[in-house]
Amino acid sequence: MELLLYHGYRSCIQNLVIRAEISRGAATVMGSAKELTLILVLLIGAWSISAVAGTLPFWLLVASLIWIVIQLREYRKIQRWSERPLSRPANAFDSWFGVAYRPFRSLMRQRERTHSVVRQLREILGLIEVIPDAVITLSPNGEVESLNVAAQNMLNLSDKDIGLSLAAVIRDPDFVTFLRSDKFDEPLELRSPVRNAQTLEARRFDAGTGRTVLFVRDITALNRLLTMRQDFIANVSHELRTPLTVINGYLESLMDPETPQDLRLRLAQKLESPVDRMQSLINDLLLLTQLESGSSHQAPSPVPMPNVIKRVAADLKEYQSGNVDIQVQLLSDCQVMGMEQELHSVCSNLMTNAIRYSPAGKPIKVTWMETNDGKARLMVEDKGVGIPQEHLQRITERFYRVDMAGSTTRGGTGLGLAIVKHVLRRHNSELHVSSELGKGSCFYCDFTPNPSQAETNQYSSSET
């Protein structure tokens with residue numbers, strides 16, 4: 001019996017040693033100094049009691065049972081920790097603590113990596129949300145996995161569409177064919193499902209694992225710019241072709257040896273008009289290009305706008321053919337800081353435009369005044385044919401003309417209001433237009449008065 005207890009106690013100690021070596025939780029064979037001390041205390045206690053009461057094997061068995069109970073208690077700590085492994089393991093013997101602490105450290109490192117990945121994903125999702133273009137992630141089956149706010153606004157989607165097939169949500173035949181195509185390098189232009197006047201461009205990218213990332217952007221403004229460029233080239237070609245055709249016809253007559261000398265002199269005089277037209281067009285194009293590029297070698301200086309307005313009105317009365325009635329009202333002597341030549345061009349183009357679209361004899365009213373908010377306003381009013389509302393947003397485009405019945409002339413380069421817009425932009429102002437068909441139009445722009453100019457009393461005068 002004693003031999004069996006001895007062998008059992010020896011087997012228990014060997015198992016504990018093997019477990020301690022596997023867990024690598026202790027530096028010694030028995031685990032830690034604390035465990036070794038406890039074993040020695042149990043052995044010494046069993047030996048001391050057996051010396052008094054005898055039956056050493058029995059007391060060794062009791063010591064072994066105490067040891068087993070202590071180990072079971074430590075095992076229960078590890079077992080409870082395993083139910084919530086993200087918390088730090090409870091205090092235990094080093095061998096048992098090592099069993100839990102190694103996977104705990106591994107879990108903490110994995111948790112930190114997971115948190116880092118989550119943070120990066122949140123940053124990426126945050127960046128996607130602020131992108132003005134629509135970004136949609138599709139599964140291998142074409143189902144919506146994620147979308148940003150721009151996709152919801154641009155394509156009339158919502159979070160409820162996540163998990164649905166995008167081809168079933170947007171039922172455009174060209175768009176469905178585009179989604180099912182194997183080619184990823186060909187974009188698609190489609191009409192917006194929200195706004196008919198909006199044009200969208202969709203592109204697909206292979207994200208791997210069968211997923212597809214869809215980018216959709218608004219190209220309405222880009223298409224409009226391309227159209228404007230094409231129209232500009234066509235308009236310039238047309239504007240140059242007309243005077244060149246006239247000049248070519250006159251030159252053919254001049255080169256004809258049978259043309260009388262007096263006729264040649266008259267034809268040579270007629271060349272002046274198409275040449276002047278071409279020169280005017282080129283000058284306006286150069287000025288507009290300079291204004292658009294923002295390059296100017298002139299420094300702003302105080303400009304006496306009343307003098308500029310009077311000078312422009314006098315020149316137009318002298319050089320315009322027909323009965324031109326320009327009424328100038330100078331209700332302020334405010335000066336503005338700017339380039340006098342450019343502001344002269346603003347006054348000239350606004351008055352010329354009013355004359356062009358007003359019946360003969362109808363007055364053109366030009367007013368220079370101060371507004372209630374302390375601004376200086378230039379206002380040109382006519383009693384002409386007026387401008388339809390659908391044209392008001394485009395009249396400052398290059399070569400954009402509104403051909404209305406009743407306008408007195410058809411001349412001009414079509415660049416006047418475009419020049420006005422860019423000059424005003426350089427002077428921190430903008431052109432405002434109000435018009436009514438059959439009753440006339442009103443063009444006005446506000447400037448900041450020269451702050452260094454002394455305050456003077458307002459006065460009123462009119463000049464016809």
# chains A, B, ... in the order shown; residues from 1 in each chain; ligands from 1
>>> residues_around(residues="stretch 210-224 of chain A", least_positions_apart="3", cutoff="10 Å", atoms="only C-alpha atoms", output="number ranges by chain")
A: 132-147, 150-151, 154-155, 179, 184, 187-192, 197-207, 227-230
>>> select_by_dssp(residues="stretch 235-303 of chain A", states="alpha helix (DSSP H)", output="count of residues only")
53
>>> closest_residue(among="A:Gln290, A:Ser429, A:Thr259, A:Asn235", to="A:Val346", atoms="only C-alpha atoms")
A:Ser429
>>> closest_atom_pairs(of="stretch 230-296 of chain A", to="stretch 319-343 of chain A", cutoff="12 Å", atoms="only C-alpha atoms", output="CSV")
residue,atom,partner,partner_atom,distance
A:Asp284,CA,A:Glu342,CA,11.8
A:Leu287,CA,A:Glu342,CA,9.3
A:Leu288,CA,A:Glu342,CA,10.8
A:Gln290,CA,A:Glu342,CA,11.2
A:Leu291,CA,A:Glu342,CA,9.4
A:Ser296,CA,A:Met339,CA,9.5
>>> atom_distance(atom1="atom CA of A:Arg277", atom2="atom CA of A:Met379")
27.9 Å
>>> closest_residue(among="A:Thr289, A:Ile131, A:Pro89, A:Ala354", to="A:Glu74", atoms="only C-alpha atoms")
A:Pro89
>>> select_by_dssp(residues="stretch 274-366 of chain A", states="strand (DSSP E or B)", output="PDB file with C-alpha atoms, in the first residue's frame")
ATOM      1  CA  SER A 301      -5.431 103.519 -59.915  1.00  0.00           C
ATOM      2  CA  PRO A 302      -8.363 105.811 -59.056  1.00  0.00           C
ATOM      3  CA  VAL A 303     -10.695 105.948 -62.072  1.00  0.00           C
ATOM      4  CA  PRO A 304     -13.111 108.927 -62.386  1.00  0.00           C
ATOM      5  CA  ASP A 325     -30.392 108.866 -77.764  1.00  0.00           C
ATOM      6  CA  ILE A 326     -28.121 108.252 -74.752  1.00  0.00           C
ATOM      7  CA  GLN A 327     -29.232 109.889 -71.534  1.00  0.00           C
ATOM      8  CA  VAL A 328     -26.526 110.076 -68.854  1.00  0.00           C
ATOM      9  CA  GLN A 329     -27.421 110.617 -65.210  1.00  0.00           C
ATOM     10  CA  LEU A 330     -24.442 111.163 -62.890  1.00  0.00           C
ATOM     11  CA  GLN A 335     -14.152 106.989 -58.120  1.00  0.00           C
ATOM     12  CA  VAL A 336     -13.197 103.311 -58.190  1.00  0.00           C
ATOM     13  CA  MET A 337      -9.823 101.607 -57.996  1.00  0.00           C
ATOM     14  CA  GLY A 338      -9.082  99.746 -61.200  1.00  0.00           C
ATOM     15  CA  PRO A 363     -33.607 106.329 -75.256  1.00  0.00           C
ATOM     16  CA  ILE A 364     -30.681 104.544 -73.588  1.00  0.00           C
ATOM     17  CA  LYS A 365     -30.426 105.550 -69.936  1.00  0.00           C
ATOM     18  CA  VAL A 366     -26.986 105.348 -68.284  1.00  0.00           C
TER      19      VAL A 366
END
>>> residues_around(residues="A:Ile355", least_positions_apart="3", cutoff="8 Å", atoms="only C-alpha atoms", output="mmCIF file with N, CA and C atoms, in the first residue's frame")
data_model
loop_
_atom_site.group_PDB
_atom_site.id
_atom_site.type_symbol
_atom_site.label_atom_id
_atom_site.label_comp_id
_atom_site.auth_asym_id
_atom_site.auth_seq_id
_atom_site.Cartn_x
_atom_site.Cartn_y
_atom_site.Cartn_z
ATOM 1 N N VAL A 324 -29.314 108.045 -82.225
ATOM 2 C CA VAL A 324 -28.946 107.406 -80.960
ATOM 3 C C VAL A 324 -29.197 108.390 -79.834
ATOM 4 N N MET A 351 -23.204 99.953 -73.348
ATOM 5 C CA MET A 351 -23.993 100.922 -74.114
ATOM 6 C C MET A 351 -24.198 100.458 -75.547
ATOM 7 N N THR A 352 -23.142 99.899 -76.166
ATOM 8 C CA THR A 352 -23.273 99.414 -77.539
ATOM 9 C C THR A 352 -24.293 98.287 -77.628
ATOM 10 N N SER A 358 -32.061 98.001 -79.368
ATOM 11 C CA SER A 358 -33.129 98.980 -79.135
ATOM 12 C C SER A 358 -33.592 99.565 -80.463
ATOM 13 N N PRO A 359 -34.882 99.777 -80.635
ATOM 14 C CA PRO A 359 -35.372 100.427 -81.848
ATOM 15 C C PRO A 359 -34.801 101.835 -81.972
ATOM 16 N N ILE A 364 -31.544 105.421 -74.382
ATOM 17 C CA ILE A 364 -30.681 104.544 -73.588
ATOM 18 C C ILE A 364 -30.310 105.334 -72.344
ATOM 19 N N ASP A 382 -32.400 100.061 -71.308
ATOM 20 C CA ASP A 382 -32.904 100.328 -72.658
ATOM 21 C C ASP A 382 -34.379 99.962 -72.727
ATOM 22 N N THR A 408 -31.696 96.853 -83.941
ATOM 23 C CA THR A 408 -31.380 97.784 -85.023
ATOM 24 C C THR A 408 -30.193 97.343 -85.853
#
>>> residues_around(residues="A:Leu437", least_positions_apart="4", cutoff="12 Å", atoms="only C-alpha atoms", output="PyMOL selection string")
chain A and resi 357-358+382-392+404-406+441-442
>>> write_last_selection(atoms="C-alpha atoms", output="PDB file, in the first residue's frame")
ATOM      1  CA  TYR A 357     -31.083  95.776 -79.364  1.00  0.00           C
ATOM      2  CA  SER A 358     -33.129  98.980 -79.135  1.00  0.00           C
ATOM      3  CA  ASP A 382     -32.904 100.328 -72.658  1.00  0.00           C
ATOM      4  CA  LYS A 383     -36.440 100.149 -74.017  1.00  0.00           C
ATOM      5  CA  GLY A 384     -35.597  97.503 -76.576  1.00  0.00           C
ATOM      6  CA  VAL A 385     -36.892  94.068 -77.474  1.00  0.00           C
ATOM      7  CA  GLY A 386     -35.796  92.416 -74.222  1.00  0.00           C
ATOM      8  CA  ILE A 387     -34.140  89.046 -73.609  1.00  0.00           C
ATOM      9  CA  PRO A 388     -35.994  85.749 -73.057  1.00  0.00           C
ATOM     10  CA  GLN A 389     -35.401  84.304 -69.599  1.00  0.00           C
ATOM     11  CA  GLU A 390     -33.832  81.108 -70.936  1.00  0.00           C
ATOM     12  CA  HIS A 391     -31.008  83.146 -72.496  1.00  0.00           C
ATOM     13  CA  LEU A 392     -30.067  85.249 -69.471  1.00  0.00           C
ATOM     14  CA  MET A 404     -34.429  89.148 -81.730  1.00  0.00           C
ATOM     15  CA  ALA A 405     -36.737  90.877 -84.160  1.00  0.00           C
ATOM     16  CA  GLY A 406     -36.534  94.621 -83.712  1.00  0.00           C
ATOM     17  CA  SER A 441     -33.452  95.259 -70.334  1.00  0.00           C
ATOM     18  CA  CYS A 442     -31.414  96.588 -67.444  1.00  0.00           C
TER      19      CYS A 442
END
>>> atom_distance(atom1="atom CA of A:Glu397", atom2="atom CA of A:Ala418")
5.5 Å
>>> residues_around(residues="A:Ile170", least_positions_apart="5", cutoff="10 Å", atoms="only C-alpha atoms", output="list of chain:residue names")
A:Leu155, A:Asn156, A:Leu157, A:Ser165, A:Phe175, A:Val176, A:Pro193
>>> write_last_selection(atoms="N, CA and C atoms", output="mmCIF file, in the first residue's frame")
data_model
loop_
_atom_site.group_PDB
_atom_site.id
_atom_site.type_symbol
_atom_site.label_atom_id
_atom_site.label_comp_id
_atom_site.auth_asym_id
_atom_site.auth_seq_id
_atom_site.Cartn_x
_atom_site.Cartn_y
_atom_site.Cartn_z
ATOM 1 N N LEU A 155 -27.331 58.928 -57.829
ATOM 2 C CA LEU A 155 -28.025 57.830 -58.499
ATOM 3 C C LEU A 155 -29.350 57.472 -57.832
ATOM 4 N N ASN A 156 -29.783 58.290 -56.879
ATOM 5 C CA ASN A 156 -31.053 58.062 -56.193
ATOM 6 C C ASN A 156 -31.069 56.699 -55.502
ATOM 7 N N LEU A 157 -29.975 56.397 -54.785
ATOM 8 C CA LEU A 157 -29.873 55.146 -54.041
ATOM 9 C C LEU A 157 -30.024 55.427 -52.558
ATOM 10 N N SER A 165 -29.202 43.831 -56.392
ATOM 11 C CA SER A 165 -28.453 43.939 -57.632
ATOM 12 C C SER A 165 -28.573 45.361 -58.173
ATOM 13 N N PHE A 175 -26.680 50.845 -69.117
ATOM 14 C CA PHE A 175 -25.979 50.700 -67.844
ATOM 15 C C PHE A 175 -25.894 49.232 -67.439
ATOM 16 N N VAL A 176 -26.929 48.476 -67.669
ATOM 17 C CA VAL A 176 -26.908 47.046 -67.342
ATOM 18 C C VAL A 176 -25.873 46.332 -68.193
ATOM 19 N N PRO A 193 -30.447 59.618 -63.362
ATOM 20 C CA PRO A 193 -31.818 59.221 -63.019
ATOM 21 C C PRO A 193 -32.519 60.240 -62.134
#
>>> closest_residue(among="A:Leu65, A:Leu38, A:Leu166, A:Leu271", to="A:Tyr250", atoms="only C-alpha atoms")
A:Leu271
